[in-house]
Amino acid sequence: MQIIVAPYSGFCFGVKRAVKKGEEIVEKEQRPIASLGPLIHNPQEITRLKNKGIIPRDNINDIEEKKVLIRTHGVPPEVYDQLKDKQLEDCTCPFVKKVQQIANEYAKQDYTILIMGNKDHPEVKGILGWALNKGIAFQDLEELNHLNLTGQKICFVAQTTENTEKFNKVVSFLEGKYPDLVVFNTICSATLERQKSAWELANKVDLMLVVGGLNSANTQQLADLCRKTGVLTKHIEKAEDIEEAWFDGINAVGVTAGASTPDWIIEEVVRTMEEIKNNVEEQVTEPTVEETTEMQEQWEQDMTKYEEVKPGDILTGKVVQINNDEVLVDVGGKSEGIIPSNELSYRKVENPNDFVKVGQEIKALVLKAENSEGNMILSKRRADQEEALVKLEKAFEENSIIEAEVIEVVKGGVLVDVGMRGFVPASLMDRGYVENLEQFIGQKLKFKVIEFNRKDRKAVLSRKAVLDEEYEQNKAKLWNEIEPGQTRKGVVQRITDFGAFVDLGGVDGLLHVSEMGWGRVNHPRDVVKEGDQIEVYVLAVDKEKERISLGLKQLIPSPWETAAQKYSPGSTITGKVVRIAPFGVFVEVEPGIDGLVHISQLAWERVEKPEDVVSIGQEVEAKVLDVDPEKKRMSLSIKEATSRPVKEKKEANRNESYPTEHIEPSGVTIGDVVGDILNDIKNE
Ligand code: SF4
């Protein structure tokens, strides 16, 4: 087994410079110093530096040390202010500094700064800071395609570790779309050299080992690049990650390393492989004649079948093994097909187990019919995309509804998972204005496809279109079904002084204040508030004028139903004066029951005007004279609830012939009242 190390690999100029500077300072200071975030993206090297006294601090508030190193990735300008009380040693790589300067200079000239890179990477966060809120980070053409920057001046830069091929594609796209464009190829030469060198080596070997931090962007780029050649690629951090089984049948292994991988880790990796190589060579045994014949037959069978398979074909297979960076799929061929983890989904794949399960049947598109090991290189992501395009096109043409999960909030809207990314503008996420789009993340919602372009693989969706349609359908159904006498559920939409408008599901009905309760309701807000879900009684429906009258009190028992049992004639009640009329006053006995005290029943002495003896709101005691639940009337007497002065009794005797034919609004005749008084006198 041959082991070849790529001529350009490992520590780059910027990282070497930062590590050297940090080591010199800590040696000179003779006490620990801090680095804001890890100095470089390599955990093993960070541990070594920590042991020397360079302590990584993720949070500015946690920094106890006096001296602070700014790492190679750089920081946004505000961080310098936040650290003004510390002694700063700026280790930002000069190449990164250059990108920050470009972003800052052009932002000041009112350019929109487009940054190709990972918006969560510290380097991109720093550049966004220098772009003075005029920066937009994007990861690929698809994301860029959703941005509408028409009429804006564009300055395009890239994260220093980005891929050149991708950069060139983006430039072609931007040139065709934005006339006011300036482009700076900010991909660093160290990155380019490492990518070129890894690409050339990957095309010559059977297995590529890419060594470097799993969180290192440039190492990830190298691994992706090697996989694109179709060669089996393993991204490892250290020698201990190597598995002996990887080297079965391997003739040549290539080794490359990210710009933040120190030489000592690369040396350990090579040493470990040398040991494996010796073991493998010792263990090789020749197969028997029978085994050889069997293998030959199997191979011929597989070959016949596989001669027909070509790149672009979509195959169905079963997942047989899930590794950290690839998934093996049995597609019935001579060997398993390989899906590199970045080909599992267009979403970020951190753990392949989140996307497939062993035994699961999946579809995958053939990227390469056979690599140097005889494995087919497959992509589930692209097969899903092909399937999604068919589904989207059908939904677009038929104006049908599709379900999709909201996965990300982006500028101007959200991205949804439709087997590929679909874009929903913010204004089409609901029927009204949506303030917080984050609330939809993770939700599976219904959409219509309102724009579709197969060539550009672009789909624009609308949830509003679905909601509008549902609204119209509900409205028509409601008008068809609603009848007086029904009880319906609704949501209080709007409150006015005279009532509340209740949405019954596409149509609003009016709940008048007088229909809200049996008692007196001063304002509709005392009973309901906007957003309340309530049950209402349909009082009247006018389909022509599209008006619906609703009631609430009809759904609760009337207090008159039990009034006769509760208030028998002769019993005493306490109530409040709620209305004064020339002929008497009305007293609220309980909400919904007002009793009349006739002017003659207000006091033993003669009363000219009711206002002379009572006032609105006054609490009074009164005797029940009569209750008529059917007519909803109750007659009361305040004077009967008090003891009669002696002078009044004599007066009463003199008035025995008082006329009795006059009928009061309460239904009690004055004769009844006088008769009662005479009885009282007799009893005395
Ligand atoms: S990869 Fe390039 S930009 Fe990044 S630290 Fe190294 S030299 Fe600087």
# chains A, B, ... in the order shown; residues from 1 in each chain; ligands from 1

call {"tool": "residues_around", "arguments": {"residues": "Val390 (chain A)", "least_positions_apart": "3", "cutoff": "12 Å", "atoms": "only C-alpha atoms", "output": "list in words"}}
result
Ala383, Asp384, Gln385, Glu386, Glu387, Glu393, Lys394, Ala395, Phe396, Glu397, Val418, Gly419, Met420, Phe452, Asn453, Arg454, Arg457 and Ala459 of chain A

call {"tool": "write_last_selection", "arguments": {"atoms": "N, CA, C and O atoms", "output": "mmCIF file, in the first residue's frame"}}
result
data_model
loop_
_atom_site.group_PDB
_atom_site.id
_atom_site.type_symbol
_atom_site.label_atom_id
_atom_site.label_comp_id
_atom_site.auth_asym_id
_atom_site.auth_seq_id
_atom_site.Cartn_x
_atom_site.Cartn_y
_atom_site.Cartn_z
ATOM 1 N N ALA A 383 -31.556 12.844 -6.134
ATOM 2 C CA ALA A 383 -32.746 12.042 -6.475
ATOM 3 C C ALA A 383 -33.980 12.692 -5.856
ATOM 4 O O ALA A 383 -35.027 12.807 -6.496
ATOM 5 N N ASP A 384 -33.821 13.141 -4.598
ATOM 6 C CA ASP A 384 -34.944 13.827 -3.923
ATOM 7 C C ASP A 384 -35.324 15.078 -4.699
ATOM 8 O O ASP A 384 -36.497 15.409 -4.844
ATOM 9 N N GLN A 385 -34.294 15.773 -5.182
ATOM 10 C CA GLN A 385 -34.558 17.024 -5.898
ATOM 11 C C GLN A 385 -35.331 16.748 -7.190
ATOM 12 O O GLN A 385 -36.277 17.452 -7.521
ATOM 13 N N GLU A 386 -34.919 15.675 -7.895
ATOM 14 C CA GLU A 386 -35.615 15.328 -9.138
ATOM 15 C C GLU A 386 -37.080 15.017 -8.852
ATOM 16 O O GLU A 386 -37.976 15.461 -9.551
ATOM 17 N N GLU A 387 -37.276 14.255 -7.772
ATOM 18 C CA GLU A 387 -38.635 13.878 -7.393
ATOM 19 C C GLU A 387 -39.431 15.135 -7.015
ATOM 20 O O GLU A 387 -40.590 15.296 -7.389
ATOM 21 N N GLU A 393 -43.818 20.723 -10.110
ATOM 22 C CA GLU A 393 -44.345 21.088 -11.427
ATOM 23 C C GLU A 393 -45.824 20.700 -11.527
ATOM 24 O O GLU A 393 -46.659 21.461 -12.000
ATOM 25 N N LYS A 394 -46.124 19.511 -11.008
ATOM 26 C CA LYS A 394 -47.506 19.017 -11.042
ATOM 27 C C LYS A 394 -48.400 19.951 -10.198
ATOM 28 O O LYS A 394 -49.470 20.365 -10.647
ATOM 29 N N ALA A 395 -47.919 20.262 -8.994
ATOM 30 C CA ALA A 395 -48.705 21.124 -8.102
ATOM 31 C C ALA A 395 -48.910 22.502 -8.731
ATOM 32 O O ALA A 395 -49.968 23.105 -8.599
ATOM 33 N N PHE A 396 -47.885 22.992 -9.439
ATOM 34 C CA PHE A 396 -47.959 24.305 -10.078
ATOM 35 C C PHE A 396 -48.994 24.286 -11.204
ATOM 36 O O PHE A 396 -49.866 25.141 -11.286
ATOM 37 N N GLU A 397 -48.902 23.226 -12.037
ATOM 38 C CA GLU A 397 -49.815 23.153 -13.177
ATOM 39 C C GLU A 397 -51.260 22.911 -12.747
ATOM 40 O O GLU A 397 -52.192 23.451 -13.321
ATOM 41 N N VAL A 418 -39.199 21.146 0.352
ATOM 42 C CA VAL A 418 -40.120 20.452 -0.560
ATOM 43 C C VAL A 418 -39.353 19.354 -1.309
ATOM 44 O O VAL A 418 -39.612 19.060 -2.453
ATOM 45 N N GLY A 419 -38.365 18.799 -0.605
ATOM 46 C CA GLY A 419 -37.454 17.841 -1.248
ATOM 47 C C GLY A 419 -36.272 18.604 -1.799
ATOM 48 O O GLY A 419 -35.214 18.057 -2.082
ATOM 49 N N MET A 420 -36.434 19.895 -1.966
ATOM 50 C CA MET A 420 -35.389 20.866 -2.276
ATOM 51 C C MET A 420 -35.845 22.146 -1.551
ATOM 52 O O MET A 420 -36.838 22.109 -0.829
ATOM 53 N N PHE A 452 -42.758 28.593 -10.757
ATOM 54 C CA PHE A 452 -41.919 27.398 -10.867
ATOM 55 C C PHE A 452 -41.055 27.505 -12.108
ATOM 56 O O PHE A 452 -41.541 27.849 -13.188
ATOM 57 N N ASN A 453 -39.758 27.242 -11.931
ATOM 58 C CA ASN A 453 -38.846 27.268 -13.068
ATOM 59 C C ASN A 453 -37.944 26.044 -12.976
ATOM 60 O O ASN A 453 -37.057 25.967 -12.132
ATOM 61 N N ARG A 454 -38.235 25.056 -13.823
ATOM 62 C CA ARG A 454 -37.503 23.790 -13.744
ATOM 63 C C ARG A 454 -36.025 23.994 -14.059
ATOM 64 O O ARG A 454 -35.159 23.418 -13.409
ATOM 65 N N ARG A 457 -34.389 25.477 -11.279
ATOM 66 C CA ARG A 457 -34.747 24.715 -10.077
ATOM 67 C C ARG A 457 -35.243 25.657 -8.986
ATOM 68 O O ARG A 457 -34.747 25.652 -7.856
ATOM 69 N N ALA A 459 -38.592 27.452 -7.015
ATOM 70 C CA ALA A 459 -40.031 27.402 -6.744
ATOM 71 C C ALA A 459 -40.380 28.446 -5.692
ATOM 72 O O ALA A 459 -39.711 28.555 -4.677
#

call {"tool": "residues_near_ligand", "arguments": {"ligand": "ligand 1", "cutoff": "8 Å", "atoms": "only C-alpha atoms and all ligand atoms", "output": "PDB file with C-alpha atoms, in the first residue's frame"}}
result
ATOM      1  CA  PHE A  11      -0.586  24.866   8.477  1.00  0.00           C
ATOM      2  CA  CYS A  12      -0.964  27.890   6.208  1.00  0.00           C
ATOM      3  CA  PHE A  13       0.857  31.167   6.511  1.00  0.00           C
ATOM      4  CA  GLY A  14      -1.930  32.857   8.563  1.00  0.00           C
ATOM      5  CA  VAL A  15      -2.239  30.033  11.080  1.00  0.00           C
ATOM      6  CA  THR A  72      -6.976  34.382  12.538  1.00  0.00           C
ATOM      7  CA  HIS A  73     -10.655  34.593  11.529  1.00  0.00           C
ATOM      8  CA  THR A  92      -6.265  38.302  12.265  1.00  0.00           C
ATOM      9  CA  CYS A  93      -4.757  36.814   9.102  1.00  0.00           C
ATOM     10  CA  PRO A  94      -3.759  39.623   6.701  1.00  0.00           C
ATOM     11  CA  PHE A  95      -5.832  37.958   3.944  1.00  0.00           C
ATOM     12  CA  VAL A  96      -8.928  38.088   6.141  1.00  0.00           C
ATOM     13  CA  THR A 160     -11.140  32.968   2.230  1.00  0.00           C
ATOM     14  CA  THR A 161     -11.587  29.195   2.366  1.00  0.00           C
ATOM     15  CA  ILE A 187     -10.171  33.063  -1.770  1.00  0.00           C
ATOM     16  CA  CYS A 188      -6.741  32.823  -0.208  1.00  0.00           C
ATOM     17  CA  SER A 189      -3.849  31.387  -2.184  1.00  0.00           C
ATOM     18  CA  ALA A 190      -3.067  28.891   0.600  1.00  0.00           C
ATOM     19  CA  THR A 191      -6.606  27.505   0.230  1.00  0.00           C
ATOM     20  CA  ASN A 218     -11.273  24.762   4.841  1.00  0.00           C
ATOM     21  CA  ALA A 259      -4.782  24.874   6.824  1.00  0.00           C
ATOM     22  CA  SER A 260      -5.227  24.629  10.588  1.00  0.00           C
TER      23      SER A 260
END

call {"tool": "select_by_dssp", "arguments": {"residues": "region 107-302 of chain A", "states": "helix (DSSP H, G or I)", "output": "number ranges by chain"}}
result
A: 107-108, 122-130, 141-145, 164-177, 189-202, 217-228, 239-241, 244-247, 263-283, 289-302

call {"tool": "residues_around", "arguments": {"residues": "Gln486 (chain A)", "least_positions_apart": "4", "cutoff": "9 Å", "atoms": "only C-alpha atoms", "output": "list in words"}}
result
Ile482, Val536, Tyr537, Val538 and Leu539 of chain A

call {"tool": "residues_around", "arguments": {"residues": "Lys363 (chain A)", "least_positions_apart": "5", "cutoff": "9 Å", "atoms": "only C-alpha atoms", "output": "ChimeraX atom specification"}}
result
/A:314-318,379-380,383-384

call {"tool": "residues_around", "arguments": {"residues": "Asn42 (chain A)", "least_positions_apart": "6", "cutoff": "9 Å", "atoms": "only C-alpha atoms", "output": "VMD selection string"}}
result
chain A and resid 212 to 216 237 260 to 262

call {"tool": "write_last_selection", "arguments": {"atoms": "all heavy atoms", "output": "PDB file, in the first residue's frame"}}
result
ATOM      1  N   GLY A 212      -8.009  17.096   9.785  1.00  0.00           N
ATOM      2  CA  GLY A 212      -8.241  18.453  10.291  1.00  0.00           C
ATOM      3  C   GLY A 212      -9.491  18.509  11.133  1.00  0.00           C
ATOM      4  O   GLY A 212     -10.285  17.561  11.154  1.00  0.00           O
ATOM      5  N   GLY A 213      -9.670  19.633  11.850  1.00  0.00           N
ATOM      6  CA  GLY A 213     -10.817  19.821  12.745  1.00  0.00           C
ATOM      7  C   GLY A 213     -12.129  19.608  12.003  1.00  0.00           C
ATOM      8  O   GLY A 213     -12.283  20.059  10.873  1.00  0.00           O
ATOM      9  N   LEU A 214     -13.057  18.900  12.643  1.00  0.00           N
ATOM     10  CA  LEU A 214     -14.348  18.663  11.993  1.00  0.00           C
ATOM     11  C   LEU A 214     -15.105  19.972  11.817  1.00  0.00           C
ATOM     12  O   LEU A 214     -15.994  20.089  10.986  1.00  0.00           O
ATOM     13  CB  LEU A 214     -15.185  17.672  12.818  1.00  0.00           C
ATOM     14  CG  LEU A 214     -14.624  16.249  12.898  1.00  0.00           C
ATOM     15  CD1 LEU A 214     -15.461  15.374  13.803  1.00  0.00           C
ATOM     16  CD2 LEU A 214     -14.511  15.608  11.512  1.00  0.00           C
ATOM     17  N   ASN A 215     -14.743  20.991  12.639  1.00  0.00           N
ATOM     18  CA  ASN A 215     -15.402  22.305  12.520  1.00  0.00           C
ATOM     19  C   ASN A 215     -14.598  23.276  11.650  1.00  0.00           C
ATOM     20  O   ASN A 215     -14.910  24.450  11.575  1.00  0.00           O
ATOM     21  CB  ASN A 215     -15.611  22.925  13.911  1.00  0.00           C
ATOM     22  CG  ASN A 215     -14.306  23.095  14.662  1.00  0.00           C
ATOM     23  OD1 ASN A 215     -13.292  22.515  14.282  1.00  0.00           O
ATOM     24  ND2 ASN A 215     -14.339  23.886  15.719  1.00  0.00           N
ATOM     25  N   SER A 216     -13.555  22.781  11.009  1.00  0.00           N
ATOM     26  CA  SER A 216     -12.725  23.668  10.184  1.00  0.00           C
ATOM     27  C   SER A 216     -13.302  23.754   8.769  1.00  0.00           C
ATOM     28  O   SER A 216     -13.431  22.744   8.065  1.00  0.00           O
ATOM     29  CB  SER A 216     -11.293  23.123  10.142  1.00  0.00           C
ATOM     30  OG  SER A 216     -10.650  23.570   8.986  1.00  0.00           O
ATOM     31  N   GLU A 237      -9.891  13.730  12.446  1.00  0.00           N
ATOM     32  CA  GLU A 237      -9.225  14.805  13.188  1.00  0.00           C
ATOM     33  C   GLU A 237      -7.829  14.384  13.626  1.00  0.00           C
ATOM     34  O   GLU A 237      -6.929  15.205  13.748  1.00  0.00           O
ATOM     35  CB  GLU A 237     -10.043  15.163  14.431  1.00  0.00           C
ATOM     36  CG  GLU A 237     -11.124  16.163  14.143  1.00  0.00           C
ATOM     37  CD  GLU A 237     -11.756  16.751  15.390  1.00  0.00           C
ATOM     38  OE1 GLU A 237     -11.541  16.232  16.510  1.00  0.00           O
ATOM     39  OE2 GLU A 237     -12.484  17.749  15.237  1.00  0.00           O
ATOM     40  N   SER A 260      -5.430  24.484   9.146  1.00  0.00           N
ATOM     41  CA  SER A 260      -5.227  24.629  10.588  1.00  0.00           C
ATOM     42  C   SER A 260      -4.745  23.328  11.234  1.00  0.00           C
ATOM     43  O   SER A 260      -4.813  23.168  12.445  1.00  0.00           O
ATOM     44  CB  SER A 260      -6.532  25.095  11.228  1.00  0.00           C
ATOM     45  OG  SER A 260      -7.607  24.327  10.736  1.00  0.00           O
ATOM     46  N   THR A 261      -4.272  22.390  10.415  1.00  0.00           N
ATOM     47  CA  THR A 261      -3.791  21.118  10.963  1.00  0.00           C
ATOM     48  C   THR A 261      -2.266  21.167  11.122  1.00  0.00           C
ATOM     49  O   THR A 261      -1.537  21.353  10.133  1.00  0.00           O
ATOM     50  CB  THR A 261      -4.158  19.942  10.016  1.00  0.00           C
ATOM     51  OG1 THR A 261      -5.530  20.064   9.675  1.00  0.00           O
ATOM     52  CG2 THR A 261      -3.895  18.602  10.661  1.00  0.00           C
ATOM     53  N   PRO A 262      -1.771  21.020  12.353  1.00  0.00           N
ATOM     54  CA  PRO A 262      -0.312  21.097  12.551  1.00  0.00           C
ATOM     55  C   PRO A 262       0.408  19.864  11.992  1.00  0.00           C
ATOM     56  O   PRO A 262      -0.184  18.789  11.880  1.00  0.00           O
ATOM     57  CB  PRO A 262      -0.172  21.174  14.074  1.00  0.00           C
ATOM     58  CG  PRO A 262      -1.420  20.611  14.621  1.00  0.00           C
ATOM     59  CD  PRO A 262      -2.504  20.834  13.610  1.00  0.00           C
TER      60      PRO A 262
END

call {"tool": "select_by_dssp", "arguments": {"residues": "region 344-562 of chain A", "states": "strand (DSSP E or B)", "output": "PyMOL selection string"}}
result
chain A and resi 361-368+377-379+401-410+413-417+421-425+444-453+458-462+487-495+499-503+508-512+533-542+547-551

call {"tool": "residues_around", "arguments": {"residues": "Ile4 (chain A)", "least_positions_apart": "6", "cutoff": "7 Å", "atoms": "only C-alpha atoms", "output": "list in words"}}
result
Val253, Gly254 and Val255 of chain A
